[in-house]
Every structure is written in C-alpha cells, then in structure tokens.
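entry_30.cif (mmCIF, C-alpha atoms) appears below.
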data_entry
loop_
_atom_site.group_PDB
_atom_site.id
_atom_site.type_symbol
_atom_site.label_atom_id
_atom_site.label_comp_id
_atom_site.auth_asym_id
_atom_site.auth_seq_id
_atom_site.Cartn_x
_atom_site.Cartn_y
_atom_site.Cartn_z
ATOM 1 C CA MET D 162 -25.879 -131.843 157.423
ATOM 2 C CA LEU D 163 -28.838 -132.977 159.500
ATOM 3 C CA ASP D 164 -29.201 -129.529 161.020
ATOM 4 C CA HIS D 165 -28.977 -128.036 157.540
ATOM 5 C CA PHE D 166 -31.889 -130.174 156.323
ATOM 6 C CA ARG D 167 -33.861 -129.574 159.512
ATOM 7 C CA MET D 168 -33.447 -125.838 158.931
ATOM 8 C CA PHE D 169 -34.740 -126.279 155.377
ATOM 9 C CA ALA D 170 -37.767 -128.179 156.673
ATOM 10 C CA ASP D 171 -38.556 -125.306 159.048
ATOM 11 C CA TYR D 172 -37.947 -122.797 156.258
ATOM 12 C CA ASN D 173 -40.240 -124.725 153.907
ATOM 13 C CA GLU D 174 -43.033 -124.708 156.472
ATOM 14 C CA TRP D 175 -42.566 -120.951 156.987
ATOM 15 C CA ALA D 176 -42.446 -120.188 153.238
ATOM 16 C CA ASN D 177 -45.472 -122.374 152.543
ATOM 17 C CA ARG D 178 -47.478 -120.576 155.236
ATOM 18 C CA ARG D 179 -46.603 -117.194 153.707
ATOM 19 C CA LEU D 180 -47.355 -118.352 150.181
ATOM 20 C CA TYR D 181 -50.697 -119.916 151.084
ATOM 21 C CA ALA D 182 -51.694 -116.733 152.940
ATOM 22 C CA ALA D 183 -50.972 -114.703 149.813
ATOM 23 C CA VAL D 184 -52.773 -117.153 147.530
ATOM 24 C CA ALA D 185 -55.794 -117.054 149.846
ATOM 25 C CA GLN D 186 -56.287 -113.430 148.740
ATOM 26 C CA LEU D 187 -56.966 -114.508 145.149
ATOM 27 C CA THR D 188 -60.432 -114.824 143.732
ATOM 28 C CA GLU D 189 -61.574 -118.315 142.757
ATOM 29 C CA SER D 190 -61.060 -117.403 139.109
ATOM 30 C CA GLU D 191 -57.534 -116.095 139.725
ATOM 31 C CA LEU D 192 -56.652 -119.187 141.747
ATOM 32 C CA ARG D 193 -57.468 -121.385 138.738
ATOM 33 C CA GLU D 194 -56.187 -119.094 135.974
ATOM 34 C CA SER D 195 -53.215 -120.391 134.014
ATOM 35 C CA ARG D 196 -50.405 -117.863 134.077
ATOM 36 C CA GLY D 197 -47.631 -119.821 132.391
ATOM 37 C CA ALA D 198 -46.348 -121.827 135.341
ATOM 38 C CA PHE D 199 -45.329 -125.374 134.453
ATOM 39 C CA PHE D 200 -48.549 -126.758 135.954
ATOM 40 C CA GLY D 201 -50.610 -123.742 134.872
ATOM 41 C CA SER D 202 -52.470 -122.173 137.759
ATOM 42 C CA ALA D 203 -51.494 -121.409 141.337
ATOM 43 C CA LEU D 204 -53.892 -124.125 142.551
ATOM 44 C CA ALA D 205 -52.472 -126.745 140.169
ATOM 45 C CA THR D 206 -48.892 -125.837 141.092
ATOM 46 C CA LEU D 207 -49.595 -126.044 144.824
ATOM 47 C CA ASN D 208 -51.213 -129.440 144.246
ATOM 48 C CA HIS D 209 -48.093 -130.544 142.357
ATOM 49 C CA ILE D 210 -45.771 -129.508 145.191
ATOM 50 C CA LEU D 211 -47.833 -131.513 147.672
ATOM 51 C CA ALA D 212 -48.039 -134.508 145.324
ATOM 52 C CA ALA D 213 -44.266 -134.529 144.813
ATOM 53 C CA ASP D 214 -43.623 -134.263 148.556
ATOM 54 C CA ARG D 215 -45.934 -137.195 149.225
ATOM 55 C CA ILE D 216 -44.213 -139.252 146.540
ATOM 56 C CA TRP D 217 -40.763 -138.535 147.995
ATOM 57 C CA MET D 218 -41.856 -139.116 151.579
ATOM 58 C CA LYS D 219 -43.330 -142.485 150.588
ATOM 59 C CA ARG D 220 -40.002 -143.339 148.970
ATOM 60 C CA PHE D 221 -38.051 -142.179 152.014
ATOM 61 C CA THR D 222 -40.243 -143.714 154.709
ATOM 62 C CA GLY D 223 -42.299 -146.441 153.034
ATOM 63 C CA GLU D 224 -45.373 -144.836 154.613
ATOM 64 C CA GLY D 225 -48.243 -142.650 153.469
ATOM 65 C CA ASP D 226 -50.199 -142.209 150.300
ATOM 66 C CA ALA D 227 -48.297 -141.407 147.134
ATOM 67 C CA PRO D 228 -49.966 -140.204 143.954
ATOM 68 C CA THR D 229 -49.091 -141.959 140.716
ATOM 69 C CA ALA D 230 -48.963 -138.743 138.676
ATOM 70 C CA LEU D 231 -47.269 -135.383 139.150
ATOM 71 C CA ASP D 232 -50.211 -133.373 137.820
ATOM 72 C CA VAL D 233 -52.847 -134.899 140.075
ATOM 73 C CA THR D 234 -55.387 -132.658 141.784
ATOM 74 C CA LEU D 235 -55.252 -133.819 145.388
ATOM 75 C CA HIS D 236 -57.563 -131.044 146.583
ATOM 76 C CA ASP D 237 -59.794 -128.912 144.382
ATOM 77 C CA ASP D 238 -60.208 -126.173 146.975
ATOM 78 C CA LEU D 239 -57.553 -124.058 148.648
ATOM 79 C CA ALA D 240 -58.756 -124.603 152.221
ATOM 80 C CA SER D 241 -58.393 -128.387 152.156
ATOM 81 C CA LEU D 242 -55.138 -128.119 150.190
ATOM 82 C CA ALA D 243 -53.739 -125.732 152.817
ATOM 83 C CA THR D 244 -54.690 -128.138 155.605
ATOM 84 C CA ALA D 245 -53.019 -131.024 153.759
ATOM 85 C CA ARG D 246 -49.919 -128.851 153.172
ATOM 86 C CA GLU D 247 -49.681 -128.077 156.891
ATOM 87 C CA ARG D 248 -49.887 -131.787 157.718
ATOM 88 C CA GLU D 249 -47.232 -132.680 155.154
ATOM 89 C CA ASP D 250 -44.889 -129.951 156.401
ATOM 90 C CA ALA D 251 -45.308 -131.265 159.957
ATOM 91 C CA ARG D 252 -44.642 -134.795 158.698
ATOM 92 C CA ILE D 253 -41.416 -133.726 156.984
ATOM 93 C CA ILE D 254 -40.224 -131.851 160.089
ATOM 94 C CA ALA D 255 -41.020 -134.814 162.366
ATOM 95 C CA TRP D 256 -39.310 -137.296 160.040
ATOM 96 C CA LEU D 257 -36.156 -135.187 159.902
ATOM 97 C CA ALA D 258 -36.153 -134.837 163.693
ATOM 98 C CA GLY D 259 -35.790 -138.616 163.939
ATOM 99 C CA LEU D 260 -33.257 -139.026 161.144
ATOM 100 C CA ASP D 261 -29.656 -139.907 162.030
ATOM 101 C CA PRO D 262 -26.406 -139.190 160.140
ATOM 102 C CA ALA D 263 -25.967 -142.810 159.048
ATOM 103 C CA ARG D 264 -29.379 -142.848 157.361
ATOM 104 C CA LEU D 265 -28.709 -139.471 155.728
ATOM 105 C CA GLY D 266 -25.521 -140.852 154.159
ATOM 106 C CA ALA D 267 -27.027 -144.206 153.188
ATOM 107 C CA THR D 268 -28.508 -145.110 149.835
ATOM 108 C CA PHE D 269 -32.086 -145.976 149.045
ATOM 109 C CA THR D 270 -33.738 -147.369 145.941
ATOM 110 C CA TYR D 271 -36.929 -146.172 144.306
ATOM 111 C CA THR D 272 -38.736 -146.439 141.009
ATOM 112 C CA PRO D 273 -39.484 -143.115 139.317
ATOM 113 C CA LEU D 274 -42.929 -142.464 137.878
ATOM 114 C CA SER D 275 -41.422 -142.122 134.406
ATOM 115 C CA SER D 276 -39.585 -145.463 134.306
ATOM 116 C CA SER D 277 -39.764 -149.017 135.575
ATOM 117 C CA ASN D 278 -36.038 -149.057 136.300
ATOM 118 C CA GLY D 279 -35.049 -148.693 139.928
ATOM 119 C CA ILE D 280 -32.676 -145.913 140.918
ATOM 120 C CA THR D 281 -30.311 -146.144 143.872
ATOM 121 C CA GLN D 282 -28.852 -142.964 145.314
ATOM 122 C CA ARG D 283 -27.837 -141.394 148.601
ATOM 123 C CA LEU D 284 -30.562 -139.860 150.731
ATOM 124 C CA GLY D 285 -28.787 -136.559 151.473
ATOM 125 C CA PRO D 286 -28.476 -135.240 147.905
ATOM 126 C CA THR D 287 -31.980 -136.458 147.115
ATOM 127 C CA LEU D 288 -33.346 -134.605 150.128
ATOM 128 C CA ALA D 289 -31.606 -131.467 148.828
ATOM 129 C CA HIS D 290 -33.532 -131.987 145.582
ATOM 130 C CA VAL D 291 -36.848 -132.186 147.444
ATOM 131 C CA PHE D 292 -36.285 -128.828 149.141
ATOM 132 C CA ASN D 293 -34.983 -127.248 145.937
ATOM 133 C CA HIS D 294 -38.047 -128.568 144.091
ATOM 134 C CA GLN D 295 -40.382 -126.865 146.543
ATOM 135 C CA THR D 296 -38.482 -123.592 146.208
ATOM 136 C CA HIS D 297 -38.609 -123.792 142.412
ATOM 137 C CA HIS D 298 -42.371 -124.256 142.271
ATOM 138 C CA ARG D 299 -43.075 -121.759 145.056
ATOM 139 C CA GLY D 300 -41.281 -119.293 142.787
ATOM 140 C CA GLN D 301 -43.716 -120.145 140.007
ATOM 141 C CA VAL D 302 -46.672 -119.491 142.307
ATOM 142 C CA HIS D 303 -45.025 -116.225 143.365
ATOM 143 C CA ALA D 304 -44.675 -115.247 139.688
ATOM 144 C CA THR D 305 -48.346 -116.112 139.186
ATOM 145 C CA LEU D 306 -49.293 -113.829 142.076
ATOM 146 C CA THR D 307 -47.327 -110.903 140.675
ATOM 147 C CA ALA D 308 -48.665 -111.552 137.140
ATOM 148 C CA LEU D 309 -52.137 -111.210 138.628
ATOM 149 C CA GLY D 310 -51.136 -107.823 140.054
ATOM 150 C CA ARG D 311 -50.824 -109.017 143.635
ATOM 151 C CA PRO D 312 -48.094 -107.803 145.973
ATOM 152 C CA SER D 313 -44.754 -109.527 145.903
ATOM 153 C CA ILE D 314 -44.062 -111.524 149.062
ATOM 154 C CA VAL D 315 -40.694 -112.198 150.626
ATOM 155 C CA LEU D 316 -39.768 -115.874 150.645
ATOM 156 C CA ASP D 317 -35.989 -115.571 150.951
ATOM 157 C CA LEU D 318 -34.180 -117.942 153.276
ATOM 158 C CA ALA D 319 -32.214 -114.974 154.674
ATOM 159 C CA PHE D 320 -35.473 -113.236 155.627
ATOM 160 C CA PHE D 321 -36.658 -116.421 157.328
ATOM 161 C CA LEU D 322 -33.425 -116.491 159.353
ATOM 162 C CA TRP D 323 -33.832 -112.839 160.348
ATOM 163 C CA SER D 324 -37.518 -113.019 161.161
ATOM 164 C CA ASP D 325 -38.667 -116.475 162.272
ATOM 165 C CA GLY D 326 -35.629 -118.710 162.011
ATOM 166 C CA GLU D 327 -33.522 -117.245 164.787
ATOM 167 C CA LYS D 328 -32.688 -120.688 166.157
ATOM 168 C CA TRP D 329 -30.947 -121.420 162.821
ATOM 169 C CA ALA D 330 -29.291 -118.016 162.416
ATOM 170 C CA ARG D 331 -26.837 -118.560 165.275
#
Taking this structure as input, can you express it in the form of structure tokens?
Amino acid sequence: MLDHFRMFADYNEWANRRLYAAVAQLTESELRESRGAFFGSALATLNHILAADRIWMKRFTGEGDAPTALDVTLHDDLASLATAREREDARIIAWLAGLDPARLGATFTYTPLSSSNGITQRLGPTLAHVFNHQTHHRGQVHATLTALGRPSIVLDLAFFLWSDGEKWAR
C-alpha cells in the first residue's frame, strides 16, 4: 500500500503541474469568475485544495500551518499559489517517502473543522480520501476551464503512467 500512496503523491504532483499550467492561460477575470464549482472560481477552488492538504498534513504530521476554514484564500494571485502548491506537493511526497507500513495501518485522532468531537481512524483510508479529494476538485477546475472555452487537458492516472509515471507502470 505504501507504494500505491507514493504513486498517488507523484501523480498528484504531475496533475497539479498540468492543471496550473492550463489555468495560467486564463485572464485575471476568467481566473476569478464563478463557473459553478463548489468553491466558485478556479482560483478559489485551487486555494481550497491547498488549504485542505495543509489541514490534513498538519493532522498527519503535527507540523505546518493549517487554515481554520476550507474556503480561505491562502494566495490571491496564481503565481504565489502555484509556488505554494509545488512546496506542498513536495512535502507530501517527502512525508510518504519516510512513512512505514506500521504507521500507515495505525490510527490517528483529529478534530474536524465542523465539530469539536475528536475522530479516530486509520491513516491509510484517510490518506486515500486526501488523494481522492484532490482529484475531485481538480475535476471542478477542469470543468471550469472547459466552460470558459479552454482546451480540455488530460489528467488521467493511466496517462500519467504512460507518460511520466513509468517507474510506477512496471
């Protein structure tokens, strides 16, 4: 399972790079235009993905800054948001590189933003949620791009394995 999650961390970094490159082609107005995604605009949705990752990584590691809201604007411009995304992706990859099977199967306890009650659950399934969450919201940004008349980009895991993820395809 560790290799599976390490592959997803590499895939996430790859997909985020592709998505940010596509979003960088938007005008400032398009970047901020609400197109029906849960958090509205492409910029707000990308901020949400980063905020959620920081929250989960703080829960997993006990380190780093964690926002106290899911709709926070961490960066109001795409350039600084992209830099922060790159750092967070590198952080996730590095953390997974040092993770061992015992820790992956162990439980951890956290307090969700929506409740004061602690939740205890196993790390592995929760980590699956984190990667699925990113994929879900990247899809919303992708839909925003196509709604704005921009080209569709390929973000499929299979394409990653064929193109840049050859170490995982074997």
**Request:** Report the distance between atom CA of D:Arg179 and atom CA of D:Ile314 in Å, rounded to one decimal place.
**Result:**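 Atom-to-atom, atom CA of D:Arg179 to atom CA of D:Ile314, that is 7.8 Å.
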What's around stretch 265-277 of chain D at 9 Å? Count all atoms listed in the file, leave out sequence neighbours fewer than 4 positions away in its own chain, and write the answer as an mmCIF file with C-alpha atoms, keeping the file's coordinate frame.
data_model
loop_
_atom_site.group_PDB
_atom_site.id
_atom_site.type_symbol
_atom_site.label_atom_id
_atom_site.label_comp_id
_atom_site.auth_asym_id
_atom_site.auth_seq_id
_atom_site.Cartn_x
_atom_site.Cartn_y
_atom_site.Cartn_z
ATOM 1 C CA MET D 162 -25.879 -131.843 157.423
ATOM 2 C CA LEU D 163 -28.838 -132.977 159.500
ATOM 3 C CA ARG D 220 -40.002 -143.339 148.970
ATOM 4 C CA PHE D 221 -38.051 -142.179 152.014
ATOM 5 C CA THR D 229 -49.091 -141.959 140.716
ATOM 6 C CA ALA D 230 -48.963 -138.743 138.676
ATOM 7 C CA LEU D 231 -47.269 -135.383 139.150
ATOM 8 C CA LEU D 260 -33.257 -139.026 161.144
ATOM 9 C CA ASP D 261 -29.656 -139.907 162.030
ATOM 10 C CA THR D 281 -30.311 -146.144 143.872
ATOM 11 C CA GLN D 282 -28.852 -142.964 145.314
ATOM 12 C CA ARG D 283 -27.837 -141.394 148.601
ATOM 13 C CA LEU D 284 -30.562 -139.860 150.731
ATOM 14 C CA GLY D 285 -28.787 -136.559 151.473
ATOM 15 C CA PRO D 286 -28.476 -135.240 147.905
ATOM 16 C CA LEU D 288 -33.346 -134.605 150.128
#
**Message:** I need the output of the PyMOL selection byres ((chain D and resi 205-209) around 10) for this file as a PyMOL selection string; which residues are they?
**Reply:** chain D and resi 177+180-181+184+192-195+198-204+210-215+228+230-239+242-243+245-246+295+298-299+301-302+305
**Complete:** In terms of only C-alpha atoms, the residue from D:Asp164, D:Ala255, D:Arg196, D:Trp175 at minimal distance from D:Leu309 is D:Arg196
**Request:** For atom CA of D:Leu257 and atom CA of D:Gly225, quote the distance in Å rounded to one decimal.
**Result:**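 Taking atom CA of D:Leu257 as the start and atom CA of D:Gly225 as the end point, the length is 15.6 Å.
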**Prompt:** Could you work out how far atom CA of D:Phe166 lies from atom CA of D:Ile254, giving the answer in Å with one decimal?
**Reply:** 9.3 Å
**Message:** Considering all atoms listed in the file, can you say which of D:His303, D:Arg264, D:Arg252, D:Lys219 comes closest to D:Gly197?
**Reply:** D:His303
**Message:** Which residue is closest to D:Ala258? Choose from D:Ile216, D:Leu322, D:Ala170, D:Ala182 and count all atoms listed in the file.
**Reply:**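 Result for the nearest residue to D:Ala258: D:Ala170.
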Please determine an axis-aligned box that encloses all atoms of stretch 299-304 of chain D listed in the file, with 3 Å added on each side, and express its centre and edge lengths in Å to one decimal as AutoDock Vina command-line options.
--center_x -44.0 --center_y -118.5 --center_z 142.4 --size_x 11.4 --size_y 12.5 --size_z 11.4
**Request:** Would you list the residues near (-35.7, -121.7, 156.3), meaning any protein, DNA or RNA residue with an atom at most 10 Å from that point in file coordinates, counting only C-alpha atoms, as a VMD selection string?
**Result:** chain D and resid 165 to 176 316 to 323 325 to 327 329 to 330
